[in-house]
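Reading through the structure tokens given below for one structure.
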Amino acid sequence: MTTLPPVSVPEERLDEGPPGRWLGRPTPRLDDEPLLRGSAWFVDDLAPWPGLAEVAIVRAPLAHARLLGVETAAARQMPGVLGVLTGSDLERFLRPLPSVLSEAIPYRPIALDRVRYVGEPVAVVVATDRYRAEDAAEAVELDLDPLPAVPSAHAALDPTLPPLHEGLPNNVASDRTLRYGDPDAAFAQAELVVRARFQQPRSICTPLECFGVLCRTDPVSGDVEAWSNFQGPFSLQVVAAQALGIPPAKLHLRTPEHSGGSFGTKAAVYPLVVLLAACSRALGGRPLKYLEDRREHLMAATAAGERLSEVQAAFSAEGRLLALRLDLVDDVGAYVRAPEPATLYRMHPCLTGAYQVAHLEARCRVVLTNRCPTGLNRGYGGPQLYLALERTMAIAARRLGLDPAELARRNLVPPAAMPYTTASGGRYDSGDYPAVLALALERFDWAGKRARARAARAEGRLVGVGLACVVEPSVSNMGYVDLASPPEVRARRPAKSGNVEGVSLAMLPDGTVQLRTTTTPQGQAHATVLALVVAEALGVDPRQVQVRAGADTAVGPWSISSGNYSSRFAAVAAGAAWQAASALADQLRRLAAQDLGCHPEQVLLADGHARLVDDPERDVPLRRLAGRAHWDPASLPPGVRPGLSLTHHLAIPDLPAPDAQDRANGSATYGFLCDLCEVEVDRGTGRLEILDYLSVHDAGRILHPVLAEGQVHGGLAQGIGMACFEQLAFDPDGQPLSTTFLDYLCPTAPEVPEARTVFVESPSPLTPLGAKGLGEGTTMSAPAALANAVADALEVEEVPFPLTPEALWRVVHGAEG
Amino acid sequence: MKPPPLRLLRPASPTEACALLAEAGDAGRALAGGQSLVPLLNLRLAAPEVLVDLNPLTELATLACGTGALRVGAMVRQRTLERDPLVRRRLPALPAALAHVGHLATRNRGTIGGSLAHADPAAELPLVAVALGATVELLGPKGPREVPAAELATGFLSTCLEPGELLVACTFPLLGPTEGAGFAEAAPRAGDFALAAACCRLGLDPEGRVAAATVAVGALGPTVQVVPEAAQVLLGSPPGPARFAEAGALVGASDRLDPPASLHASPPYRRHLARLVVEEALAEAARAAQAARNGSPSREDRREEEHGA
Amino acid sequence: MTRSIELRVNGTTHRVEVEDRRLLSDCLRHDLGLRGTRVGCEHGVCGACTVRLDGQAVRSCLLFAVQVEGQEIQTVEGLADPEGPLHPLQEAFHRHGALQCGYCTPGFLLTAAQLLDELRAEPNPEPPSEEEIRVLLAGNLCRCTGYGPIVRAVLEQATCAAGADPTEPSGEDRR
Ligand code: FES
Ligand code: FES
């Protein structure tokens, strides 16, 4: 391993607390070299067992049809084919995957007698290699009797269309109205009521590496061993085991060291683990490998569902936001695949955004469509909420004749109110929202840019500025999804709450530190941050800390909330590592105190040594202490355990299950960001150009400024993609139209502007390091900020979404054409 | 996403390639750069049993500039042509258009002949070839023949190539001393297929009035469309924005167009974009023609001089 | 039908049995064990599979292995000696934070490597502007970084390759 030079100095940070020796500094990533040299192991690189056969999946070509037969005889005869399995072949190995919502919506990883979305698996071809598997997949013939399709959220609300599932009366899987305070009274008093409707199409964060699973079963014990690029939450491991009818301990799930991005999507890998395990069982335990291809991914992997929102906002004459009424319809596709319908409830504690609002009513409907099941996608409910809420605020400002920044300022939760409990039960833990707004306005020159935009418009140019204030929740409360069920139903079930992560930490006899956890990173450099955290606590060089953060459910440590989602890493995983390392440091101090003849509190750990605080010349290398803990346990002082190893689990406090009034603190901690942007719409083509973009972000303590910026910029690029380019489109029969990268447009380098970021740090009082999550904020804010800027540029209240050139051109030129 | 079974044949000469293609009949396809064909194979939207690989045929990869014309072998890579100093000087509209074809890595491999023979109406090369009055050379079992580029495409992704016939070269006439050409397109992102594209040629008389004009557009129908009415309105007066707008409007409204409805643009929007790209291409053509007429070096010349090339 | 071919990759000759239809990307990864070439779409759009063929960046998912016999292929494994220091481009990616998951990285590196070599081959190279770098990289998707650090890393190295000082304002600013 060559020595890598230090990384470049990051952009500016404000209010920075004293950085540690390692934390908060732009040290180089420790995870880069194998990736740069091409030697890193991803799922497609693995061949853990001999005799690995490859799988191709035959998928439904129609969105909705009765499946009358699957003819596999010809396919079985094809060269290299080892087996062709249909739903009926696999039925005896599979139970429906348990659902949060209803038993009446059975979801299996393969269709039995009806297909409900294009791309739903109907048969699995196993062959010596993928080429032959695909040859044979083409030879499988399906006998399908088409049914009318429900291709959109609107259609799902149409009671005349037949239900997707026999056990349901219609396609509304859940319909709850949740009320807090006295919204009716507040609306009655309002001077101004703004009412606005929004529709956001499906999209997908589509990582560059698709899904992959390698799996084998033991024909005797029924144990399943699987490698996949699954990302958690590991509650889904339990779900997968249930679907296979085995105890979770018999489903040994592992992830490779590297995963080519996920952004939530790879939570949806688990049904494929179930499918492959069932196939392996049906084939006597044969090891199988399945790699999803890009077309399968865009057609059938997962998606952020379509969202219909209607917002009513009641304002006083001074622009105080008195109450909100939201009507939200979330399309989850053909099945409610766990953890859905979480998209709809993840933001529930923040439905009032960054504003102080006591009265709230939210109608939340989960609807079924003939499209692939939805799931985690970066932002997860946030972009949907904030587009609706922040657009509504901008419309209100316009009607009130106020600068939108001024309207925001009048309503932001003030610092004195922190910690602030929202109407729906969220507990915003820290932050000075008005100060962040003020800083953002100043840095952006909001007033100046706003005036210049107005002047440019007077000359016929379509220039505008937009603002979005966003509260970014992180570290999900595992119980929030239960809000989808009414309190009386919840009361009958075991409660769920909190969010736990575990770490195992050990110092080897040579002083090397090993840390294991299950955060399944997909590019976020968890190993680097964890090494820095440990190095900080133990006074060692981070390069002496070996981190394994990938999953291995046979080794652990893990918990049902383990994994890489809801931006939980910095708060809970780094926090657990900090606590574990502090405990280990304590052990080392006791050991050293014995050698140095002092009290443990007089020992300082630094530079790989334990030193006497008052006489740093007197020291003992940690290596020696570690050696003693392993080689000479008889010499250990009381309180020091042989082997210098410990496992520690952290649950962030204050995350109870939803209460009987439907109040839930859905996340452990809440960051705040204020995004400002300036755009110009080309009058001729309708094309949107982002002239300037600034994000001021308070995510508590920043553990690593360069990595934090990477998350902010990456999240922004995906927010811009969602706002301007990316859309999973369907025809009226439910056929997906965006199934290649030629049709699903991801922004490329020329489309993503250079954005400015500023970090403000209000440490969270609830997390061990004061850190909050920050990976999703800009994905949540960018669509809203851009839509607001476009509305300003075009001087309209109704803005199409996404902000495609043609859609904007239609606004500019009226409905002609 | 793996290609179906196939045999890849590597002929030693263009004649042998034709023979192999003729023998394979409907089951055979010529493989040039493969930047359009191989995705179709991987997606299993095409399943030829035989691919005749033209890449070994170096004799098809030659570029020759005569007095009046530029002859480009079918296997000349797009990026080679784009970067050729002579082409940049003598026919700058061609590299200007090529810069819009896909991306660096696809232009490195993609060929001129492959793009022409694929006959995608939204592709840049067929449009430029038609607008500049190019001629394509075909070689087949019955010998060679020449076809005007405008007659090559007979419909969406289909050409007049007979079974066993191969496109071996394309010859672009060089522009006259008072002529200029311009290219413009609108696409969703850099490198995407055009939603509307235009390539225009203008010739000026000694008084600086338009004496000859060609207006051609791509991505607005099953094949490249030439719109003579639009060219007509330009004739006889000096080139200028008002005339360009008139020509653009005529193109946008022309019933020669049959713009496809697609995910990223509806027919009316494409017609609107057609106006804009025609105006832009005409403006560029006029600039180039005026520069040529004044004997002042074109932008490309200047650039090269600065580079010391 | 399979045939035996000889491939020259990173200066080493390999003999391998492949079907005619075997994609170069699969051959490199699974037959030769050169896993660093990543596959993101297999229809020529994402750029993850980019390798260099006689110096030119190409999509290995759009080539058949049997087509490239006798040509020199370079993959990410060939950018720098595995035992030695990183290639300056790799080093720049590291310094600028230009990778997160790293899945797109080899494709970006090989695309940029062509650009650097071309600049070095020019008698009087002009350092490319940021805008030009962005367009040159537009055939490679990255879903993690938002491109900024990648563009900065390539711009810095392109500026060096053009013989200019990367700490000076960029080419664009100078114009
Ligand atoms: S895998 Fe070859 S371009 Fe995407
Ligand atoms: S770093 Fe993950 S795709 Fe680029």
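Here's how to read the names in the structure tokens: chain A, B, ... by the order shown, residue numbers from 1 in each chain, ligand numbers from 1 in the order shown.
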
Show me which residues are within 7 Å of ligand 2 counting only C-alpha atoms and all ligand atoms, and format the list as an NGL selection string. (:A and (207-208 or 260-261 or 523)) or (:C and (99-105 or 141-145))

Please identify all polymer residues within 7 Å of C:Arg52, counting only C-alpha atoms, omitting same-chain residues fewer than 3 positions from it, and present them as number ranges by chain. C: 55-58, 73-75, 110

Could you pull out the residues sitting within 7 Å of ligand 1, using only C-alpha atoms and all ligand atoms, and write them as a list in words? Arg38, Val39, Gly40, Cys41, Glu42, His43, Gly44, Val45, Cys46, Gly47, Ala48, Cys49, Thr50, Arg59, Ser60, Cys61 and Leu62 of chain C

Residues from last step as file, N, CA, C and O atoms, as a compact mmCIF listing (two decimals), in the first residue's frame:
# COMPACT_ATOMS: atom_id res chain seq x y z
N ARG C 38 -15.95 -2.13 -14.88
CA ARG C 38 -17.29 -2.32 -14.28
C ARG C 38 -18.35 -2.27 -15.37
O ARG C 38 -18.16 -1.67 -16.41
N VAL C 39 -19.48 -2.84 -15.06
CA VAL C 39 -20.57 -2.89 -16.02
C VAL C 39 -21.80 -2.24 -15.39
O VAL C 39 -22.24 -2.65 -14.33
N GLY C 40 -22.31 -1.20 -16.04
CA GLY C 40 -23.44 -0.49 -15.45
C GLY C 40 -24.70 -0.51 -16.28
O GLY C 40 -25.78 -0.22 -15.76
N CYS C 41 -24.60 -0.79 -17.58
CA CYS C 41 -25.84 -0.73 -18.38
C CYS C 41 -25.86 -1.73 -19.52
O CYS C 41 -26.91 -2.12 -19.96
N GLU C 42 -24.70 -2.09 -20.01
CA GLU C 42 -24.62 -3.01 -21.16
C GLU C 42 -25.40 -2.53 -22.36
O GLU C 42 -25.80 -3.32 -23.21
N HIS C 43 -25.66 -1.21 -22.42
CA HIS C 43 -26.15 -0.72 -23.71
C HIS C 43 -25.47 0.59 -24.11
O HIS C 43 -26.02 1.38 -24.85
N GLY C 44 -24.25 0.75 -23.58
CA GLY C 44 -23.40 1.79 -24.16
C GLY C 44 -23.65 3.20 -23.67
O GLY C 44 -23.17 4.14 -24.28
N VAL C 45 -24.36 3.38 -22.56
CA VAL C 45 -24.68 4.73 -22.14
C VAL C 45 -23.92 5.19 -20.90
O VAL C 45 -23.53 6.35 -20.79
N CYS C 46 -23.66 4.28 -19.97
CA CYS C 46 -23.18 4.73 -18.65
C CYS C 46 -21.68 4.97 -18.60
O CYS C 46 -21.19 5.69 -17.74
N GLY C 47 -20.92 4.30 -19.47
CA GLY C 47 -19.47 4.53 -19.51
C GLY C 47 -18.68 3.78 -18.46
O GLY C 47 -17.45 3.86 -18.44
N ALA C 48 -19.34 3.01 -17.58
CA ALA C 48 -18.61 2.31 -16.52
C ALA C 48 -17.63 1.30 -17.09
O ALA C 48 -16.60 1.02 -16.49
N CYS C 49 -17.94 0.75 -18.27
CA CYS C 49 -17.13 -0.33 -18.84
C CYS C 49 -16.03 0.19 -19.74
O CYS C 49 -15.40 -0.60 -20.44
N THR C 50 -15.79 1.50 -19.73
CA THR C 50 -14.83 2.08 -20.66
C THR C 50 -13.42 1.51 -20.46
O THR C 50 -12.90 1.48 -19.34
N ARG C 59 -16.35 1.68 -25.27
CA ARG C 59 -17.24 0.89 -24.41
C ARG C 59 -16.94 -0.59 -24.60
O ARG C 59 -17.15 -1.12 -25.69
N SER C 60 -16.50 -1.27 -23.55
CA SER C 60 -16.21 -2.69 -23.74
C SER C 60 -17.48 -3.52 -23.80
O SER C 60 -17.45 -4.66 -24.23
N CYS C 61 -18.63 -2.95 -23.40
CA CYS C 61 -19.88 -3.69 -23.51
C CYS C 61 -20.43 -3.65 -24.93
O CYS C 61 -21.43 -4.30 -25.22
N LEU C 62 -19.81 -2.87 -25.81
CA LEU C 62 -20.28 -2.79 -27.19
C LEU C 62 -19.27 -3.41 -28.15
O LEU C 62 -19.33 -3.17 -29.35

May I have the residues within 9 Å of stretch 246-249 of chain A as a PyMOL selection string, using only C-alpha atoms and disregarding those fewer than 6 positions away in the same chain? chain A and resi 222-224+237-240+553-554

Fewer than 3 positions away in the same chain doesn't count, so skip those; otherwise give me all residues within 10 Å of A:Leu437, counting only C-alpha atoms, as an mmCIF file with N, CA, C and O atoms, in the first residue's frame.
data_model
loop_
_atom_site.group_PDB
_atom_site.id
_atom_site.type_symbol
_atom_site.label_atom_id
_atom_site.label_comp_id
_atom_site.auth_asym_id
_atom_site.auth_seq_id
_atom_site.Cartn_x
_atom_site.Cartn_y
_atom_site.Cartn_z
ATOM 1 N N ALA A 405 -38.591 34.947 1.638
ATOM 2 C CA ALA A 405 -37.649 34.796 2.753
ATOM 3 C C ALA A 405 -38.225 35.419 4.022
ATOM 4 O O ALA A 405 -38.039 34.902 5.125
ATOM 5 N N GLU A 406 -38.943 36.512 3.849
ATOM 6 C CA GLU A 406 -39.554 37.170 4.998
ATOM 7 C C GLU A 406 -40.682 36.299 5.556
ATOM 8 O O GLU A 406 -40.826 36.143 6.772
ATOM 9 N N ALA A 408 -40.860 33.105 5.382
ATOM 10 C CA ALA A 408 -40.214 31.992 6.082
ATOM 11 C C ALA A 408 -39.744 32.449 7.458
ATOM 12 O O ALA A 408 -39.991 31.787 8.466
ATOM 13 N N ARG A 409 -39.085 33.605 7.461
ATOM 14 C CA ARG A 409 -38.532 34.109 8.722
ATOM 15 C C ARG A 409 -39.611 34.247 9.784
ATOM 16 O O ARG A 409 -39.417 33.908 10.947
ATOM 17 N N LEU A 412 -40.454 30.406 10.907
ATOM 18 C CA LEU A 412 -39.481 29.380 11.302
ATOM 19 C C LEU A 412 -39.530 29.124 12.803
ATOM 20 O O LEU A 412 -39.761 30.046 13.590
ATOM 21 N N ASP A 432 -30.571 26.707 14.967
ATOM 22 C CA ASP A 432 -31.038 28.088 14.930
ATOM 23 C C ASP A 432 -31.462 28.373 13.491
ATOM 24 O O ASP A 432 -30.682 28.858 12.677
ATOM 25 N N TYR A 433 -32.689 28.010 13.188
ATOM 26 C CA TYR A 433 -33.158 28.086 11.801
ATOM 27 C C TYR A 433 -33.098 29.520 11.256
ATOM 28 O O TYR A 433 -32.615 29.735 10.141
ATOM 29 N N PRO A 434 -33.596 30.506 12.018
ATOM 30 C CA PRO A 434 -33.547 31.865 11.452
ATOM 31 C C PRO A 434 -32.119 32.317 11.166
ATOM 32 O O PRO A 434 -31.877 33.024 10.181
ATOM 33 N N ALA A 440 -27.752 32.378 4.864
ATOM 34 C CA ALA A 440 -27.925 31.970 3.468
ATOM 35 C C ALA A 440 -28.297 33.179 2.611
ATOM 36 O O ALA A 440 -27.762 33.367 1.514
ATOM 37 N N LEU A 441 -29.203 33.998 3.120
ATOM 38 C CA LEU A 441 -29.649 35.166 2.344
ATOM 39 C C LEU A 441 -28.477 36.099 2.071
ATOM 40 O O LEU A 441 -28.317 36.620 0.973
ATOM 41 N N GLU A 442 -27.663 36.264 3.085
ATOM 42 C CA GLU A 442 -26.536 37.165 2.935
ATOM 43 C C GLU A 442 -25.506 36.594 1.955
ATOM 44 O O GLU A 442 -25.046 37.276 1.035
ATOM 45 N N ARG A 443 -25.158 35.331 2.137
ATOM 46 C CA ARG A 443 -24.157 34.718 1.275
ATOM 47 C C ARG A 443 -24.591 34.683 -0.181
ATOM 48 O O ARG A 443 -23.801 34.738 -1.097
ATOM 49 N N LEU A 467 -36.320 29.673 -3.022
ATOM 50 C CA LEU A 467 -35.856 29.387 -1.668
ATOM 51 C C LEU A 467 -36.560 28.127 -1.187
ATOM 52 O O LEU A 467 -37.729 27.908 -1.503
ATOM 53 N N ALA A 468 -35.840 27.305 -0.456
ATOM 54 C CA ALA A 468 -36.497 26.190 0.229
ATOM 55 C C ALA A 468 -35.867 26.031 1.610
ATOM 56 O O ALA A 468 -34.646 26.031 1.746
ATOM 57 N N CYS A 469 -36.735 25.945 2.612
ATOM 58 C CA CYS A 469 -36.291 25.685 3.979
ATOM 59 C C CYS A 469 -36.727 24.265 4.325
ATOM 60 O O CYS A 469 -37.906 23.935 4.213
ATOM 61 N N PHE A 672 -31.177 20.973 9.550
ATOM 62 C CA PHE A 672 -31.913 22.034 8.864
ATOM 63 C C PHE A 672 -31.062 22.535 7.720
ATOM 64 O O PHE A 672 -29.834 22.661 7.856
ATOM 65 N N LEU A 673 -31.685 22.821 6.596
ATOM 66 C CA LEU A 673 -30.930 23.454 5.529
ATOM 67 C C LEU A 673 -31.780 24.461 4.802
ATOM 68 O O LEU A 673 -33.009 24.366 4.782
ATOM 69 N N CYS A 674 -31.080 25.424 4.278
ATOM 70 C CA CYS A 674 -31.738 26.474 3.541
ATOM 71 C C CYS A 674 -31.040 26.562 2.192
ATOM 72 O O CYS A 674 -29.829 26.787 2.126
ATOM 73 N N ASP A 675 -31.788 26.300 1.132
ATOM 74 C CA ASP A 675 -31.222 26.321 -0.220
ATOM 75 C C ASP A 675 -31.777 27.512 -0.987
ATOM 76 O O ASP A 675 -32.987 27.798 -0.924
ATOM 77 N N LEU A 676 -30.900 28.178 -1.711
ATOM 78 C CA LEU A 676 -31.307 29.322 -2.527
ATOM 79 C C LEU A 676 -30.770 29.105 -3.926
ATOM 80 O O LEU A 676 -29.635 28.651 -4.094
ATOM 81 N N VAL A 696 -27.029 26.107 2.578
ATOM 82 C CA VAL A 696 -26.449 26.272 3.914
ATOM 83 C C VAL A 696 -27.084 25.202 4.796
ATOM 84 O O VAL A 696 -28.303 25.111 4.901
ATOM 85 N N HIS A 697 -26.216 24.399 5.391
ATOM 86 C CA HIS A 697 -26.666 23.148 5.977
ATOM 87 C C HIS A 697 -26.217 23.066 7.433
ATOM 88 O O HIS A 697 -25.043 23.241 7.717
#

Which residues of chain B have any atom within 7 Å of an atom in chain C when counting only C-alpha atoms, and what is the closest pair of atoms for each, with the distance in Å to one decimal? Order the rows by chain and rising number and write it as a Markdown table.
| residue | atom | partner | partner_atom | distance |
| --- | --- | --- | --- | --- |
| B:Met1 | CA | C:Glu42 | CA | 6.6 |
| B:Pro3 | CA | C:Arg21 | CA | 6.3 |
| B:Pro5 | CA | C:Arg21 | CA | 6.2 |
| B:Leu6 | CA | C:Arg21 | CA | 6.0 |
| B:Arg7 | CA | C:Asp20 | CA | 5.9 |
| B:Leu8 | CA | C:Asp20 | CA | 5.9 |
| B:Gly34 | CA | C:Leu62 | CA | 6.5 |
| B:Gln35 | CA | C:Leu62 | CA | 6.5 |
| B:Val38 | CA | C:Leu62 | CA | 5.5 |
| B:Pro39 | CA | C:His43 | CA | 4.5 |
| B:Asn42 | CA | C:His43 | CA | 6.7 |
| B:His103 | CA | C:Gly139 | CA | 5.1 |
| B:Leu104 | CA | C:Leu136 | CA | 6.2 |
| B:Ala105 | CA | C:Val58 | CA | 4.6 |
| B:Thr106 | CA | C:Val58 | CA | 6.5 |
| B:Asn108 | CA | C:Gln56 | CA | 6.3 |
| B:Arg109 | CA | C:Val58 | CA | 6.5 |
| B:Ala190 | CA | C:Ala138 | CA | 6.7 |
| B:His307 | CA | C:Asn124 | CA | 6.0 |

May I have the residues from that selection written out with all heavy atoms, as a compact mmCIF listing (two decimals), in the first residue's frame?
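So out_36.txt came out as:
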# COMPACT_ATOMS: atom_id res chain seq x y z
N MET B 1 -28.63 -8.96 -19.95
CA MET B 1 -28.60 -8.24 -21.22
C MET B 1 -27.41 -8.71 -22.04
O MET B 1 -26.36 -8.08 -22.05
CB MET B 1 -28.49 -6.74 -20.93
CG MET B 1 -29.35 -5.89 -21.82
SD MET B 1 -29.05 -4.17 -21.46
CE MET B 1 -30.45 -3.77 -20.45
N PRO B 3 -26.01 -10.54 -25.80
CA PRO B 3 -26.42 -10.73 -27.19
C PRO B 3 -26.80 -12.19 -27.46
O PRO B 3 -26.29 -13.09 -26.81
CB PRO B 3 -25.18 -10.33 -27.99
CG PRO B 3 -24.05 -10.38 -27.02
CD PRO B 3 -24.61 -10.13 -25.66
N PRO B 5 -27.07 -15.77 -29.70
CA PRO B 5 -26.00 -16.48 -30.40
C PRO B 5 -25.78 -15.89 -31.78
O PRO B 5 -26.75 -15.52 -32.45
CB PRO B 5 -26.54 -17.92 -30.52
CG PRO B 5 -27.63 -18.02 -29.52
CD PRO B 5 -28.18 -16.65 -29.31
N LEU B 6 -24.55 -15.80 -32.20
CA LEU B 6 -24.27 -15.27 -33.52
C LEU B 6 -22.89 -15.72 -33.96
O LEU B 6 -22.08 -16.17 -33.15
CB LEU B 6 -24.35 -13.73 -33.51
CG LEU B 6 -23.55 -12.99 -32.44
CD1 LEU B 6 -22.10 -12.75 -32.86
CD2 LEU B 6 -24.21 -11.63 -32.19
N ARG B 7 -22.67 -15.62 -35.25
CA ARG B 7 -21.34 -15.89 -35.79
C ARG B 7 -20.77 -14.58 -36.28
O ARG B 7 -21.46 -13.83 -36.98
CB ARG B 7 -21.42 -16.88 -36.94
CG ARG B 7 -21.36 -18.34 -36.45
CD ARG B 7 -21.22 -19.31 -37.60
NE ARG B 7 -22.25 -19.07 -38.61
CZ ARG B 7 -22.02 -19.09 -39.93
NH1 ARG B 7 -20.81 -19.33 -40.40
NH2 ARG B 7 -23.01 -18.89 -40.77
N LEU B 8 -19.55 -14.30 -35.93
CA LEU B 8 -18.93 -13.07 -36.37
C LEU B 8 -17.88 -13.40 -37.43
O LEU B 8 -16.93 -14.13 -37.17
CB LEU B 8 -18.28 -12.35 -35.18
CG LEU B 8 -17.77 -10.95 -35.53
CD1 LEU B 8 -18.40 -9.92 -34.62
CD2 LEU B 8 -16.27 -10.89 -35.44
N GLY B 34 -20.58 -0.44 -34.33
CA GLY B 34 -21.41 -1.20 -33.39
C GLY B 34 -22.04 -0.37 -32.30
O GLY B 34 -22.65 -0.91 -31.38
N GLN B 35 -21.94 0.95 -32.39
CA GLN B 35 -22.44 1.77 -31.29
C GLN B 35 -23.97 1.85 -31.26
O GLN B 35 -24.56 2.17 -30.24
CB GLN B 35 -21.82 3.17 -31.34
CG GLN B 35 -20.29 3.15 -31.32
CD GLN B 35 -19.73 2.46 -30.08
OE1 GLN B 35 -19.84 2.98 -28.98
NE2 GLN B 35 -19.13 1.29 -30.24
N VAL B 38 -24.85 -2.92 -31.52
CA VAL B 38 -24.60 -3.83 -30.39
C VAL B 38 -25.58 -3.59 -29.22
O VAL B 38 -26.05 -4.54 -28.62
CB VAL B 38 -23.11 -3.81 -29.97
CG1 VAL B 38 -22.86 -4.78 -28.83
CG2 VAL B 38 -22.23 -4.18 -31.15
N PRO B 39 -25.94 -2.32 -28.90
CA PRO B 39 -26.99 -2.17 -27.90
C PRO B 39 -28.27 -2.91 -28.28
O PRO B 39 -28.91 -3.55 -27.44
CB PRO B 39 -27.24 -0.66 -27.85
CG PRO B 39 -25.95 -0.05 -28.30
CD PRO B 39 -25.36 -1.02 -29.29
N ASN B 42 -27.65 -6.51 -27.51
CA ASN B 42 -27.64 -6.79 -26.08
C ASN B 42 -29.05 -6.76 -25.50
O ASN B 42 -29.38 -7.51 -24.59
CB ASN B 42 -26.75 -5.78 -25.35
CG ASN B 42 -25.27 -5.97 -25.68
OD1 ASN B 42 -24.91 -6.86 -26.44
ND2 ASN B 42 -24.42 -5.13 -25.11
N HIS B 103 -20.80 10.50 -27.42
CA HIS B 103 -19.75 11.00 -26.55
C HIS B 103 -18.40 10.53 -27.03
O HIS B 103 -18.31 9.72 -27.95
CB HIS B 103 -20.00 10.51 -25.12
CG HIS B 103 -21.33 10.93 -24.60
ND1 HIS B 103 -22.39 10.07 -24.52
CD2 HIS B 103 -21.79 12.13 -24.20
CE1 HIS B 103 -23.45 10.72 -24.05
NE2 HIS B 103 -23.11 11.97 -23.85
N LEU B 104 -17.37 11.04 -26.38
CA LEU B 104 -16.00 10.71 -26.76
C LEU B 104 -15.84 9.22 -27.08
O LEU B 104 -15.37 8.86 -28.16
CB LEU B 104 -15.05 11.12 -25.62
CG LEU B 104 -13.59 10.74 -25.83
CD1 LEU B 104 -12.97 11.59 -26.92
CD2 LEU B 104 -12.81 10.89 -24.53
N ALA B 105 -16.24 8.37 -26.16
CA ALA B 105 -15.96 6.95 -26.35
C ALA B 105 -16.79 6.34 -27.48
O ALA B 105 -16.34 5.40 -28.14
CB ALA B 105 -16.22 6.19 -25.05
N THR B 106 -17.98 6.85 -27.73
CA THR B 106 -18.75 6.28 -28.84
C THR B 106 -18.27 6.84 -30.16
O THR B 106 -18.30 6.14 -31.17
CB THR B 106 -20.26 6.53 -28.67
OG1 THR B 106 -20.51 7.93 -28.65
CG2 THR B 106 -20.78 5.91 -27.40
N ASN B 108 -15.14 7.58 -30.74
CA ASN B 108 -13.88 6.90 -31.00
C ASN B 108 -14.10 5.64 -31.81
O ASN B 108 -13.25 5.20 -32.57
CB ASN B 108 -13.23 6.48 -29.67
CG ASN B 108 -12.46 7.61 -29.01
OD1 ASN B 108 -12.04 8.54 -29.68
ND2 ASN B 108 -12.29 7.52 -27.70
N ARG B 109 -15.22 5.00 -31.61
CA ARG B 109 -15.48 3.70 -32.23
C ARG B 109 -16.49 3.83 -33.38
O ARG B 109 -16.41 3.11 -34.37
CB ARG B 109 -16.01 2.74 -31.16
CG ARG B 109 -16.23 1.33 -31.63
CD ARG B 109 -14.90 0.61 -31.84
NE ARG B 109 -15.13 -0.74 -32.37
CZ ARG B 109 -14.17 -1.53 -32.84
NH1 ARG B 109 -12.91 -1.11 -32.84
NH2 ARG B 109 -14.45 -2.72 -33.32
N ALA B 190 -26.35 16.88 -23.21
CA ALA B 190 -25.20 16.82 -24.12
C ALA B 190 -25.07 15.39 -24.64
O ALA B 190 -25.09 14.44 -23.87
CB ALA B 190 -23.93 17.21 -23.36
N HIS B 307 -3.23 27.58 -32.83
CA HIS B 307 -2.61 26.35 -32.34
C HIS B 307 -1.28 26.09 -33.02
O HIS B 307 -0.58 25.17 -32.64
CB HIS B 307 -3.52 25.16 -32.62
CG HIS B 307 -4.69 25.11 -31.71
ND1 HIS B 307 -5.20 23.93 -31.25
CD2 HIS B 307 -5.42 26.08 -31.16
CE1 HIS B 307 -6.23 24.19 -30.47
NE2 HIS B 307 -6.38 25.49 -30.39

Hey, could you make a per-residue contact list for chain B against chain A with 7 Å as the cut-off, showing the nearest pair of atoms and its distance in Å to one decimal, counting only C-alpha atoms, sorted by chain and number, as JSON lines?
{"residue": "B:Met1", "atom": "CA", "partner": "A:Asp293", "partner_atom": "CA", "distance": 6.0}
{"residue": "B:Lys2", "atom": "CA", "partner": "A:Tyr131", "partner_atom": "CA", "distance": 5.6}
{"residue": "B:Pro4", "atom": "CA", "partner": "A:Asp135", "partner_atom": "CA", "distance": 6.6}
{"residue": "B:Ala265", "atom": "CA", "partner": "A:Glu806", "partner_atom": "CA", "distance": 6.5}
{"residue": "B:Pro268", "atom": "CA", "partner": "A:Gly817", "partner_atom": "CA", "distance": 5.1}
{"residue": "B:Tyr269", "atom": "CA", "partner": "A:Glu806", "partner_atom": "CA", "distance": 6.5}
{"residue": "B:Leu273", "atom": "CA", "partner": "A:Thr685", "partner_atom": "CA", "distance": 6.7}
